[in-house]
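The structure file input06.cif is reproduced below (mmCIF, C-alpha atoms).
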data_data
loop_
_atom_site.group_PDB
_atom_site.id
_atom_site.type_symbol
_atom_site.label_atom_id
_atom_site.label_comp_id
_atom_site.auth_asym_id
_atom_site.auth_seq_id
_atom_site.Cartn_x
_atom_site.Cartn_y
_atom_site.Cartn_z
ATOM 1 C CA MET A 1 0.000 0.000 0.000
ATOM 2 C CA VAL A 2 1.325 3.438 -0.956
ATOM 3 C CA THR A 3 1.096 5.871 1.945
ATOM 4 C CA PRO A 4 1.826 9.608 2.221
ATOM 5 C CA LEU A 5 5.613 10.138 2.349
ATOM 6 C CA GLY A 6 5.987 6.356 2.279
ATOM 7 C CA ALA A 7 5.525 6.448 6.053
ATOM 8 C CA ASP A 8 4.042 3.809 8.323
ATOM 9 C CA PRO A 9 0.266 4.372 8.639
ATOM 10 C CA ALA A 10 0.533 4.122 12.426
ATOM 11 C CA ASP A 11 3.137 6.907 12.475
ATOM 12 C CA LEU A 12 1.007 9.095 10.225
ATOM 13 C CA ALA A 13 -2.021 8.519 12.463
ATOM 14 C CA ALA A 14 -0.030 9.314 15.615
ATOM 15 C CA VAL A 15 1.259 12.594 14.184
ATOM 16 C CA GLU A 16 -2.172 13.593 12.905
ATOM 17 C CA ALA A 17 -3.624 12.852 16.347
ATOM 18 C CA ILE A 18 -1.242 15.395 17.921
ATOM 19 C CA VAL A 19 -2.479 18.072 15.532
ATOM 20 C CA ARG A 20 -6.122 17.140 15.956
ATOM 21 C CA ALA A 21 -5.835 17.106 19.774
ATOM 22 C CA ALA A 22 -4.429 20.647 19.752
ATOM 23 C CA GLY A 23 -7.846 21.882 18.621
ATOM 24 C CA THR A 24 -6.309 24.354 16.204
ATOM 25 C CA SER A 25 -7.689 25.752 12.961
ATOM 26 C CA PHE A 26 -4.342 24.676 11.477
ATOM 27 C CA TYR A 27 -5.722 21.137 11.154
ATOM 28 C CA ARG A 28 -8.551 22.266 8.862
ATOM 29 C CA GLY A 29 -6.307 24.684 6.990
ATOM 30 C CA MET A 30 -3.855 21.981 5.967
ATOM 31 C CA ALA A 31 -6.648 19.802 4.589
ATOM 32 C CA VAL A 32 -6.354 21.669 1.273
ATOM 33 C CA LEU A 33 -2.903 20.141 0.664
ATOM 34 C CA PRO A 34 -2.094 16.898 -1.202
ATOM 35 C CA PRO A 35 -1.496 13.976 1.199
ATOM 36 C CA ASP A 36 2.337 14.055 1.173
ATOM 37 C CA ARG A 37 2.472 17.771 1.860
ATOM 38 C CA LYS A 38 -0.375 17.674 4.367
ATOM 39 C CA HIS A 39 1.329 15.031 6.491
ATOM 40 C CA ALA A 40 4.652 16.865 6.260
ATOM 41 C CA MET A 41 2.886 19.906 7.700
ATOM 42 C CA TYR A 42 1.287 17.812 10.426
ATOM 43 C CA ALA A 43 4.761 16.606 11.408
ATOM 44 C CA ILE A 44 6.142 20.162 11.403
ATOM 45 C CA TYR A 45 3.253 21.282 13.598
ATOM 46 C CA ALA A 46 3.704 18.318 15.936
ATOM 47 C CA PHE A 47 7.397 19.186 16.318
ATOM 48 C CA CYS A 48 6.477 22.794 17.148
ATOM 49 C CA ARG A 49 3.815 21.650 19.607
ATOM 50 C CA ILE A 50 6.231 19.351 21.416
ATOM 51 C CA VAL A 51 9.047 21.885 21.818
ATOM 52 C CA ASP A 52 6.550 24.589 22.807
ATOM 53 C CA ASP A 53 5.192 22.319 25.527
ATOM 54 C CA ILE A 54 8.724 21.731 26.816
ATOM 55 C CA ALA A 55 9.185 25.500 27.172
ATOM 56 C CA ASP A 56 5.746 26.236 28.653
ATOM 57 C CA GLU A 57 4.888 23.354 30.941
ATOM 58 C CA GLU A 58 5.914 22.890 34.564
ATOM 59 C CA GLY A 59 9.524 21.992 35.208
ATOM 60 C CA THR A 60 12.847 23.458 36.187
ATOM 61 C CA LEU A 61 14.896 25.525 33.785
ATOM 62 C CA GLU A 62 17.478 22.753 33.722
ATOM 63 C CA GLU A 63 14.825 20.218 32.713
ATOM 64 C CA LYS A 64 13.552 22.501 29.973
ATOM 65 C CA ARG A 65 17.048 23.125 28.643
ATOM 66 C CA ALA A 66 17.694 19.400 28.647
ATOM 67 C CA GLY A 67 14.454 18.676 26.798
ATOM 68 C CA LEU A 68 15.209 21.284 24.155
ATOM 69 C CA ALA A 69 18.802 20.022 23.863
ATOM 70 C CA ASP A 70 17.403 16.542 23.212
ATOM 71 C CA TRP A 71 15.406 17.953 20.333
ATOM 72 C CA ARG A 72 18.449 19.682 18.890
ATOM 73 C CA GLY A 73 19.967 16.219 18.763
ATOM 74 C CA TYR A 74 16.861 14.684 17.222
ATOM 75 C CA VAL A 75 16.846 17.387 14.527
ATOM 76 C CA ALA A 76 20.491 16.686 13.714
ATOM 77 C CA GLY A 77 19.560 13.011 13.443
ATOM 78 C CA LEU A 78 16.908 13.735 10.810
ATOM 79 C CA TYR A 79 19.664 14.520 8.332
ATOM 80 C CA ARG A 80 21.333 11.167 9.010
ATOM 81 C CA GLY A 81 18.037 9.341 8.552
ATOM 82 C CA GLU A 82 17.730 8.714 12.314
ATOM 83 C CA SER A 83 14.451 8.751 14.229
ATOM 84 C CA HIS A 84 13.071 7.623 17.557
ATOM 85 C CA ASP A 85 9.289 8.159 17.483
ATOM 86 C CA PRO A 86 6.412 8.757 15.033
ATOM 87 C CA VAL A 87 7.087 12.495 14.739
ATOM 88 C CA THR A 88 10.768 12.118 13.884
ATOM 89 C CA ARG A 89 10.075 9.190 11.559
ATOM 90 C CA VAL A 90 7.622 11.281 9.532
ATOM 91 C CA LEU A 91 9.971 14.279 9.687
ATOM 92 C CA VAL A 92 12.828 12.202 8.249
ATOM 93 C CA ALA A 93 10.662 11.459 5.209
ATOM 94 C CA ALA A 94 9.389 15.061 4.943
ATOM 95 C CA THR A 95 12.895 16.498 5.225
ATOM 96 C CA GLU A 96 14.193 14.245 2.470
ATOM 97 C CA ARG A 97 11.198 14.864 0.208
ATOM 98 C CA PHE A 98 10.852 18.633 0.568
ATOM 99 C CA GLY A 99 14.316 19.868 1.536
ATOM 100 C CA LEU A 100 13.370 21.154 4.988
ATOM 101 C CA ARG A 101 16.343 22.978 6.449
ATOM 102 C CA HIS A 102 18.210 22.158 9.628
ATOM 103 C CA ASP A 103 18.672 25.818 10.636
ATOM 104 C CA ASP A 104 14.932 26.489 10.485
ATOM 105 C CA PHE A 105 14.172 23.669 12.919
ATOM 106 C CA LEU A 106 16.889 24.976 15.235
ATOM 107 C CA ALA A 107 15.522 28.535 15.034
ATOM 108 C CA VAL A 108 12.163 27.263 16.316
ATOM 109 C CA ILE A 109 13.905 25.611 19.256
ATOM 110 C CA ASP A 110 15.856 28.830 19.893
ATOM 111 C CA GLY A 111 12.554 30.709 20.114
ATOM 112 C CA MET A 112 11.181 28.232 22.627
ATOM 113 C CA GLN A 113 14.370 28.575 24.628
ATOM 114 C CA MET A 114 13.843 32.352 24.751
ATOM 115 C CA ASP A 115 10.474 31.709 26.392
ATOM 116 C CA ALA A 116 11.864 29.054 28.727
ATOM 117 C CA GLU A 117 14.841 31.063 29.960
ATOM 118 C CA THR A 118 13.232 34.491 30.254
ATOM 119 C CA VAL A 119 9.897 35.843 31.397
ATOM 120 C CA ILE A 120 9.543 38.211 28.471
ATOM 121 C CA VAL A 121 8.160 41.583 29.548
ATOM 122 C CA ALA A 122 7.970 44.459 27.060
ATOM 123 C CA PRO A 123 10.846 43.507 24.743
ATOM 124 C CA ASP A 124 12.329 46.230 22.591
ATOM 125 C CA LEU A 125 11.361 46.143 18.921
ATOM 126 C CA ALA A 126 14.553 44.384 17.840
ATOM 127 C CA THR A 127 14.094 41.613 20.420
ATOM 128 C CA LEU A 128 10.415 41.240 19.526
ATOM 129 C CA ASP A 129 11.351 40.890 15.852
ATOM 130 C CA LEU A 130 13.942 38.221 16.689
ATOM 131 C CA TYR A 131 11.348 36.366 18.771
ATOM 132 C CA CYS A 132 8.812 36.515 15.916
ATOM 133 C CA ASP A 133 11.440 35.296 13.466
ATOM 134 C CA ARG A 134 12.206 32.275 15.609
ATOM 135 C CA VAL A 135 8.769 31.170 16.780
ATOM 136 C CA ALA A 136 6.777 32.039 13.642
ATOM 137 C CA VAL A 137 8.862 32.963 10.613
ATOM 138 C CA ALA A 138 11.105 29.896 10.932
ATOM 139 C CA VAL A 139 7.954 27.775 10.910
ATOM 140 C CA GLY A 140 6.906 29.655 7.795
ATOM 141 C CA ARG A 141 10.225 28.876 6.095
ATOM 142 C CA LEU A 142 9.674 25.184 6.797
ATOM 143 C CA SER A 143 6.068 25.439 5.677
ATOM 144 C CA VAL A 144 6.534 27.060 2.275
ATOM 145 C CA ARG A 145 8.904 24.260 1.312
ATOM 146 C CA ALA A 146 6.336 21.694 2.398
ATOM 147 C CA PHE A 147 3.690 23.648 0.466
ATOM 148 C CA GLY A 148 5.768 23.287 -2.695
ATOM 149 C CA ASP A 149 7.599 26.586 -3.242
ATOM 150 C CA ALA A 150 11.221 27.087 -2.144
ATOM 151 C CA SER A 151 11.745 30.298 -4.118
ATOM 152 C CA VAL A 152 13.073 33.607 -2.839
ATOM 153 C CA ASN A 153 9.556 35.025 -3.058
ATOM 154 C CA ALA A 154 8.225 32.168 -0.937
ATOM 155 C CA GLU A 155 10.857 33.094 1.656
ATOM 156 C CA ARG A 156 9.479 36.629 1.522
ATOM 157 C CA VAL A 157 6.011 35.244 2.216
ATOM 158 C CA ALA A 158 7.347 33.406 5.264
ATOM 159 C CA HIS A 159 9.209 36.527 6.449
ATOM 160 C CA ALA A 160 6.124 38.731 6.327
ATOM 161 C CA LEU A 161 3.273 36.336 7.047
ATOM 162 C CA GLY A 162 5.004 34.760 10.039
ATOM 163 C CA ARG A 163 5.422 38.179 11.617
ATOM 164 C CA ALA A 164 1.838 39.159 10.821
ATOM 165 C CA LEU A 165 0.455 35.984 12.402
ATOM 166 C CA GLN A 166 2.593 36.272 15.519
ATOM 167 C CA LEU A 167 1.742 39.941 16.080
ATOM 168 C CA THR A 168 -1.945 39.072 15.692
ATOM 169 C CA ASN A 169 -1.577 36.350 18.318
ATOM 170 C CA ILE A 170 0.166 38.813 20.641
ATOM 171 C CA LEU A 171 -2.649 41.349 20.270
ATOM 172 C CA ARG A 172 -5.320 38.696 20.806
ATOM 173 C CA ASP A 173 -3.668 37.033 23.815
ATOM 174 C CA ILE A 174 -2.671 40.056 25.931
ATOM 175 C CA LYS A 175 -4.585 38.952 29.019
ATOM 176 C CA GLU A 176 -3.649 35.295 28.701
ATOM 177 C CA ASP A 177 0.017 36.258 28.454
ATOM 178 C CA ALA A 178 -0.200 38.832 31.252
ATOM 179 C CA ASP A 179 -1.784 36.252 33.559
ATOM 180 C CA ARG A 180 1.476 34.307 33.084
ATOM 181 C CA GLY A 181 3.487 37.438 33.842
ATOM 182 C CA ARG A 182 4.413 37.984 30.187
ATOM 183 C CA VAL A 183 4.077 41.028 27.940
ATOM 184 C CA TYR A 184 5.057 40.708 24.280
ATOM 185 C CA LEU A 185 4.038 44.235 23.252
ATOM 186 C CA PRO A 186 7.086 46.339 22.298
ATOM 187 C CA ARG A 187 8.660 48.511 24.962
ATOM 188 C CA GLU A 188 8.932 51.555 22.701
ATOM 189 C CA TYR A 189 5.193 51.625 21.924
ATOM 190 C CA LEU A 190 4.203 51.113 25.553
ATOM 191 C CA GLU A 191 6.524 53.869 26.738
ATOM 192 C CA ASP A 192 5.278 56.296 24.070
ATOM 193 C CA ALA A 193 1.682 55.649 25.158
ATOM 194 C CA GLY A 194 2.498 55.896 28.861
ATOM 195 C CA VAL A 195 1.671 52.268 29.650
ATOM 196 C CA PRO A 196 3.567 50.808 32.644
ATOM 197 C CA LEU A 197 6.087 48.127 31.659
ATOM 198 C CA SER A 198 4.541 45.308 33.683
ATOM 199 C CA ALA A 199 1.863 42.685 33.253
ATOM 200 C CA GLU A 200 -0.363 44.386 35.822
ATOM 201 C CA GLY A 201 0.207 47.781 34.208
ATOM 202 C CA VAL A 202 -0.724 46.516 30.782
ATOM 203 C CA LEU A 203 -3.962 45.014 32.068
ATOM 204 C CA THR A 204 -5.063 48.188 33.873
ATOM 205 C CA SER A 205 -3.726 51.074 31.797
ATOM 206 C CA PRO A 206 -6.333 53.115 29.860
ATOM 207 C CA ALA A 207 -3.560 54.023 27.410
ATOM 208 C CA LEU A 208 -3.086 50.432 26.243
ATOM 209 C CA PRO A 209 -5.245 50.753 23.071
ATOM 210 C CA ALA A 210 -2.907 53.406 21.664
ATOM 211 C CA ALA A 211 0.087 51.066 21.910
ATOM 212 C CA CYS A 212 -1.890 48.130 20.535
ATOM 213 C CA ALA A 213 -3.103 50.156 17.565
ATOM 214 C CA ARG A 214 0.521 50.722 16.521
ATOM 215 C CA VAL A 215 1.246 46.994 16.702
ATOM 216 C CA ALA A 216 -1.899 46.317 14.652
ATOM 217 C CA HIS A 217 -0.704 48.824 12.045
ATOM 218 C CA MET A 218 2.605 46.970 11.855
ATOM 219 C CA ALA A 219 0.782 43.635 11.462
ATOM 220 C CA HIS A 220 -1.366 44.998 8.623
ATOM 221 C CA GLY A 221 1.807 46.079 6.857
ATOM 222 C CA TYR A 222 3.192 42.572 7.066
ATOM 223 C CA PHE A 223 -0.077 41.102 5.766
ATOM 224 C CA ARG A 224 0.148 43.406 2.738
ATOM 225 C CA GLU A 225 3.807 42.490 2.206
ATOM 226 C CA ALA A 226 2.933 38.792 2.334
ATOM 227 C CA GLN A 227 0.111 39.199 -0.174
ATOM 228 C CA ALA A 228 2.385 41.049 -2.594
ATOM 229 C CA ALA A 229 4.969 38.269 -2.391
ATOM 230 C CA MET A 230 2.356 35.517 -2.832
ATOM 231 C CA VAL A 231 1.417 36.908 -6.244
ATOM 232 C CA LEU A 232 4.949 36.089 -7.408
ATOM 233 C CA CYS A 233 4.846 32.507 -6.067
ATOM 234 C CA ASP A 234 3.376 29.244 -7.279
ATOM 235 C CA ARG A 235 -0.352 29.874 -6.846
ATOM 236 C CA LYS A 236 -1.255 26.292 -5.973
ATOM 237 C CA ALA A 237 1.535 26.018 -3.427
ATOM 238 C CA MET A 238 0.484 29.249 -1.712
ATOM 239 C CA LYS A 239 -3.121 28.154 -1.161
ATOM 240 C CA PRO A 240 -2.565 27.292 2.545
ATOM 241 C CA ALA A 241 -0.664 30.555 3.063
ATOM 242 C CA ARG A 242 -3.534 32.536 1.531
ATOM 243 C CA LEU A 243 -5.991 30.692 3.752
ATOM 244 C CA MET A 244 -3.955 31.301 6.922
ATOM 245 C CA GLY A 245 -3.353 34.925 5.982
ATOM 246 C CA ALA A 246 -7.039 35.592 5.365
ATOM 247 C CA THR A 247 -8.033 33.867 8.603
ATOM 248 C CA TYR A 248 -5.605 35.805 10.763
ATOM 249 C CA ALA A 249 -6.279 39.114 9.009
ATOM 250 C CA ALA A 250 -9.954 38.614 9.869
ATOM 251 C CA ILE A 251 -9.021 37.831 13.480
ATOM 252 C CA LEU A 252 -6.922 41.009 13.623
ATOM 253 C CA THR A 253 -9.923 42.997 12.393
ATOM 254 C CA GLN A 254 -12.053 41.460 15.148
ATOM 255 C CA VAL A 255 -9.423 42.324 17.753
ATOM 256 C CA GLU A 256 -9.301 45.919 16.530
ATOM 257 C CA LYS A 257 -13.094 46.195 16.681
ATOM 258 C CA GLY A 258 -12.915 45.229 20.348
ATOM 259 C CA GLY A 259 -10.562 48.135 20.921
ATOM 260 C CA TRP A 260 -8.724 46.285 23.708
ATOM 261 C CA ARG A 261 -11.423 47.424 26.134
ATOM 262 C CA ASP A 262 -12.305 43.979 27.509
ATOM 263 C CA LEU A 263 -9.130 41.888 27.427
ATOM 264 C CA SER A 264 -10.954 38.841 28.774
ATOM 265 C CA ASP A 265 -13.021 38.667 25.565
ATOM 266 C CA ARG A 266 -10.722 36.699 23.253
ATOM 267 C CA ALA A 267 -11.536 37.518 19.651
ATOM 268 C CA GLY A 268 -12.434 34.725 17.276
ATOM 269 C CA LEU A 269 -14.299 34.036 14.060
ATOM 270 C CA SER A 270 -17.818 32.689 13.705
ATOM 271 C CA LYS A 271 -18.447 29.415 11.940
ATOM 272 C CA LEU A 272 -19.943 31.347 9.013
ATOM 273 C CA GLN A 273 -16.826 33.519 8.714
ATOM 274 C CA LYS A 274 -14.602 30.446 8.721
ATOM 275 C CA ILE A 275 -16.673 28.779 6.002
ATOM 276 C CA TRP A 276 -16.587 31.922 3.856
ATOM 277 C CA ILE A 277 -12.798 32.194 4.162
ATOM 278 C CA LEU A 278 -12.380 28.508 3.336
ATOM 279 C CA LEU A 279 -14.598 28.806 0.263
ATOM 280 C CA ARG A 280 -12.854 31.926 -0.989
ATOM 281 C CA TYR A 281 -9.219 31.167 -0.211
ATOM 282 C CA GLY A 282 -8.978 27.447 0.468
ATOM 283 C CA LEU A 283 -11.084 25.850 -2.215
ATOM 284 C CA GLY A 284 -10.735 28.401 -4.998
#
Rewrite the structure of this file - the entire thing - as structure tokens.
Amino acid sequence: MVTPLGADPADLAAVEAIVRAAGTSFYRGMAVLPPDRKHAMYAIYAFCRIVDDIADEEGTLEEKRAGLADWRGYVAGLYRGESHDPVTRVLVAATERFGLRHDDFLAVIDGMQMDAETVIVAPDLATLDLYCDRVAVAVGRLSVRAFGDASVNAERVAHALGRALQLTNILRDIKEDADRGRVYLPREYLEDAGVPLSAEGVLTSPALPAACARVAHMAHGYFREAQAAMVLCDRKAMKPARLMGATYAAILTQVEKGGWRDLSDRAGLSKLQKIWILLRYGLG
């Protein structure tokens, strides 16, 4: 029996189960891909989920560093054809088939290590950009290759869209992050607006919307940059990127409509909105 990526059906099912259990719209978004590419993306997501959990879950810093170091070793092993579990076995096949790059996997781990080693509170713009590059753009660089376009313009899509998605997440998750003592909004924008540089200050300052509006403006710029680059890419390959971009741009619009007045009201899309986006960008 021919299977996606020539992988064991049990391994494919195990990786898909990780994605499905995460309850993310990513699972539906990747359904537009051919089987080989879809399962490569499931494995990339599963890798990201695992290393993110290492950084975020309970444990000492030493334990987290050790867990992330293990994954640096597993990533190195991919390029020698070595694996130890369903995720790495599927990643070995995906890496060989689609030319996924070692440095991009390591950049994701570096981003998780930033979160593990530091309680990030109001990073400056340069540090925020580095964080976005590691936790989102590096995933985008892996993804566009799995989608089927390894061109310079596809790299531009990853550069811009990854930043747009991550900034949207930051604007949507302000309270959730602050409840963990974290603030990902840039220091310069908070200071200009007069918002205290602390989790408590962010949650209580009436000046917060002014700082958030500047971050939203930056995110919109990245969405536009991504769209311009997509036009120059393989149209079929960019279908998942268009779908993700449209979904997150709509979420950003919802966040802006809320005006950051009630941070406990996490913005999301209705079922009808999701169907419309899928019909327009995913199936067209």
Write out as a PDB file with C-alpha atoms, in the frame of the given file which residues come within 12 Å of Asp265 of chain A when counting all atoms listed in the file, dropping same-chain ones fewer than 3 positions away.
ATOM      1  CA  LEU A 171      -2.649  41.349  20.270  1.00  0.00           C
ATOM      2  CA  ARG A 172      -5.320  38.696  20.806  1.00  0.00           C
ATOM      3  CA  ASP A 173      -3.668  37.033  23.815  1.00  0.00           C
ATOM      4  CA  ILE A 174      -2.671  40.056  25.931  1.00  0.00           C
ATOM      5  CA  LYS A 175      -4.585  38.952  29.019  1.00  0.00           C
ATOM      6  CA  GLU A 176      -3.649  35.295  28.701  1.00  0.00           C
ATOM      7  CA  GLN A 254     -12.053  41.460  15.148  1.00  0.00           C
ATOM      8  CA  VAL A 255      -9.423  42.324  17.753  1.00  0.00           C
ATOM      9  CA  LYS A 257     -13.094  46.195  16.681  1.00  0.00           C
ATOM     10  CA  GLY A 258     -12.915  45.229  20.348  1.00  0.00           C
ATOM     11  CA  GLY A 259     -10.562  48.135  20.921  1.00  0.00           C
ATOM     12  CA  TRP A 260      -8.724  46.285  23.708  1.00  0.00           C
ATOM     13  CA  ARG A 261     -11.423  47.424  26.134  1.00  0.00           C
ATOM     14  CA  ASP A 262     -12.305  43.979  27.509  1.00  0.00           C
ATOM     15  CA  GLY A 268     -12.434  34.725  17.276  1.00  0.00           C
TER      16      GLY A 268
END
- Query: Where does the PyMOL selection byres ((chain A and resi 111-114) around 7) land in this file, that is, which residues does it pick, as number ranges by chain?
  - Reply: A: 51-52, 55, 107-110, 115-118, 131, 134-135
Wanna dump the segment 162-273 of chain A-segment 29-32 of chain A contacts at 8 Å for me, each residue with its shortest atom pair and the distance in Å to one decimal, counting only C-alpha atoms, ordered by chain and number, as CSV?
residue,atom,partner,partner_atom,distance
A:Lys239,CA,A:Val32,CA,7.6
A:Pro240,CA,A:Gly29,CA,6.4
A:Leu243,CA,A:Gly29,CA,6.8
A:Met244,CA,A:Gly29,CA,7.0
Keeping only C-alpha atoms, write those residues as a PDB file, in the coordinates of the input.
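For reference, selection.pdb as written:
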ATOM      1  CA  LYS A 239      -3.121  28.154  -1.161  1.00  0.00           C
ATOM      2  CA  PRO A 240      -2.565  27.292   2.545  1.00  0.00           C
ATOM      3  CA  LEU A 243      -5.991  30.692   3.752  1.00  0.00           C
ATOM      4  CA  MET A 244      -3.955  31.301   6.922  1.00  0.00           C
TER       5      MET A 244
END
- Message: Using Å and a single decimal, report how far atom CA of Ile54 of chain A sits from atom CA of Pro9 of chain A.
- Response: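 So the answer is 26.5 Å.
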- Nearest to Pro123 of chain A, chosen from A:Ile170, A:Ala154, A:Leu203, A:Val183, with all atoms listed in the file counted in the distances: A:Val183
N, CA and C atoms for segment 69-89 of chain A, written as a PDB file, keeping the file's coordinate frame, could you do that?
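Contents of the output file part03.pdb:
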ATOM      1  N   ALA A  69      17.530  20.552  24.377  1.00  0.00           N
ATOM      2  CA  ALA A  69      18.802  20.022  23.863  1.00  0.00           C
ATOM      3  C   ALA A  69      18.587  18.649  23.218  1.00  0.00           C
ATOM      4  N   ASP A  70      17.720  17.838  23.823  1.00  0.00           N
ATOM      5  CA  ASP A  70      17.403  16.542  23.212  1.00  0.00           C
ATOM      6  C   ASP A  70      16.869  16.743  21.800  1.00  0.00           C
ATOM      7  N   TRP A  71      15.998  17.745  21.645  1.00  0.00           N
ATOM      8  CA  TRP A  71      15.406  17.953  20.333  1.00  0.00           C
ATOM      9  C   TRP A  71      16.402  18.530  19.330  1.00  0.00           C
ATOM     10  N   ARG A  72      17.384  19.259  19.809  1.00  0.00           N
ATOM     11  CA  ARG A  72      18.449  19.682  18.890  1.00  0.00           C
ATOM     12  C   ARG A  72      19.157  18.436  18.332  1.00  0.00           C
ATOM     13  N   GLY A  73      19.350  17.466  19.204  1.00  0.00           N
ATOM     14  CA  GLY A  73      19.967  16.219  18.763  1.00  0.00           C
ATOM     15  C   GLY A  73      19.078  15.444  17.819  1.00  0.00           C
ATOM     16  N   TYR A  74      17.777  15.397  18.112  1.00  0.00           N
ATOM     17  CA  TYR A  74      16.861  14.684  17.222  1.00  0.00           C
ATOM     18  C   TYR A  74      16.825  15.335  15.838  1.00  0.00           C
ATOM     19  N   VAL A  75      16.852  16.677  15.809  1.00  0.00           N
ATOM     20  CA  VAL A  75      16.846  17.387  14.527  1.00  0.00           C
ATOM     21  C   VAL A  75      18.107  17.057  13.737  1.00  0.00           C
ATOM     22  N   ALA A  76      19.248  17.059  14.403  1.00  0.00           N
ATOM     23  CA  ALA A  76      20.491  16.686  13.714  1.00  0.00           C
ATOM     24  C   ALA A  76      20.373  15.276  13.141  1.00  0.00           C
ATOM     25  N   GLY A  77      19.723  14.391  13.890  1.00  0.00           N
ATOM     26  CA  GLY A  77      19.560  13.011  13.443  1.00  0.00           C
ATOM     27  C   GLY A  77      18.701  12.877  12.203  1.00  0.00           C
ATOM     28  N   LEU A  78      17.763  13.808  11.996  1.00  0.00           N
ATOM     29  CA  LEU A  78      16.908  13.735  10.810  1.00  0.00           C
ATOM     30  C   LEU A  78      17.740  13.675   9.545  1.00  0.00           C
ATOM     31  N   TYR A  79      18.848  14.401   9.543  1.00  0.00           N
ATOM     32  CA  TYR A  79      19.664  14.520   8.332  1.00  0.00           C
ATOM     33  C   TYR A  79      20.646  13.356   8.181  1.00  0.00           C
ATOM     34  N   ARG A  80      20.607  12.442   9.141  1.00  0.00           N
ATOM     35  CA  ARG A  80      21.333  11.167   9.010  1.00  0.00           C
ATOM     36  C   ARG A  80      20.350  10.012   8.850  1.00  0.00           C
ATOM     37  N   GLY A  81      19.066  10.365   8.707  1.00  0.00           N
ATOM     38  CA  GLY A  81      18.037   9.341   8.552  1.00  0.00           C
ATOM     39  C   GLY A  81      17.671   8.668   9.859  1.00  0.00           C
ATOM     40  N   GLU A  82      17.983   9.308  10.994  1.00  0.00           N
ATOM     41  CA  GLU A  82      17.730   8.714  12.314  1.00  0.00           C
ATOM     42  C   GLU A  82      16.418   9.231  12.891  1.00  0.00           C
ATOM     43  N   SER A  83      15.726   8.374  13.616  1.00  0.00           N
ATOM     44  CA  SER A  83      14.451   8.751  14.229  1.00  0.00           C
ATOM     45  C   SER A  83      14.246   7.913  15.486  1.00  0.00           C
ATOM     46  N   HIS A  84      13.304   8.364  16.321  1.00  0.00           N
ATOM     47  CA  HIS A  84      13.071   7.623  17.557  1.00  0.00           C
ATOM     48  C   HIS A  84      11.595   7.518  17.919  1.00  0.00           C
ATOM     49  N   ASP A  85      10.718   8.191  17.174  1.00  0.00           N
ATOM     50  CA  ASP A  85       9.289   8.159  17.483  1.00  0.00           C
ATOM     51  C   ASP A  85       8.520   8.512  16.211  1.00  0.00           C
ATOM     52  N   PRO A  86       7.178   8.469  16.252  1.00  0.00           N
ATOM     53  CA  PRO A  86       6.412   8.757  15.033  1.00  0.00           C
ATOM     54  C   PRO A  86       6.716  10.128  14.425  1.00  0.00           C
ATOM     55  N   VAL A  87       6.853  11.149  15.270  1.00  0.00           N
ATOM     56  CA  VAL A  87       7.087  12.495  14.739  1.00  0.00           C
ATOM     57  C   VAL A  87       8.401  12.552  13.977  1.00  0.00           C
ATOM     58  N   THR A  88       9.472  12.059  14.570  1.00  0.00           N
ATOM     59  CA  THR A  88      10.768  12.118  13.884  1.00  0.00           C
ATOM     60  C   THR A  88      10.811  11.189  12.676  1.00  0.00           C
ATOM     61  N   ARG A  89      10.091  10.065  12.733  1.00  0.00           N
ATOM     62  CA  ARG A  89      10.075   9.190  11.559  1.00  0.00           C
ATOM     63  C   ARG A  89       9.388   9.871  10.373  1.00  0.00           C
TER      64      ARG A  89
END
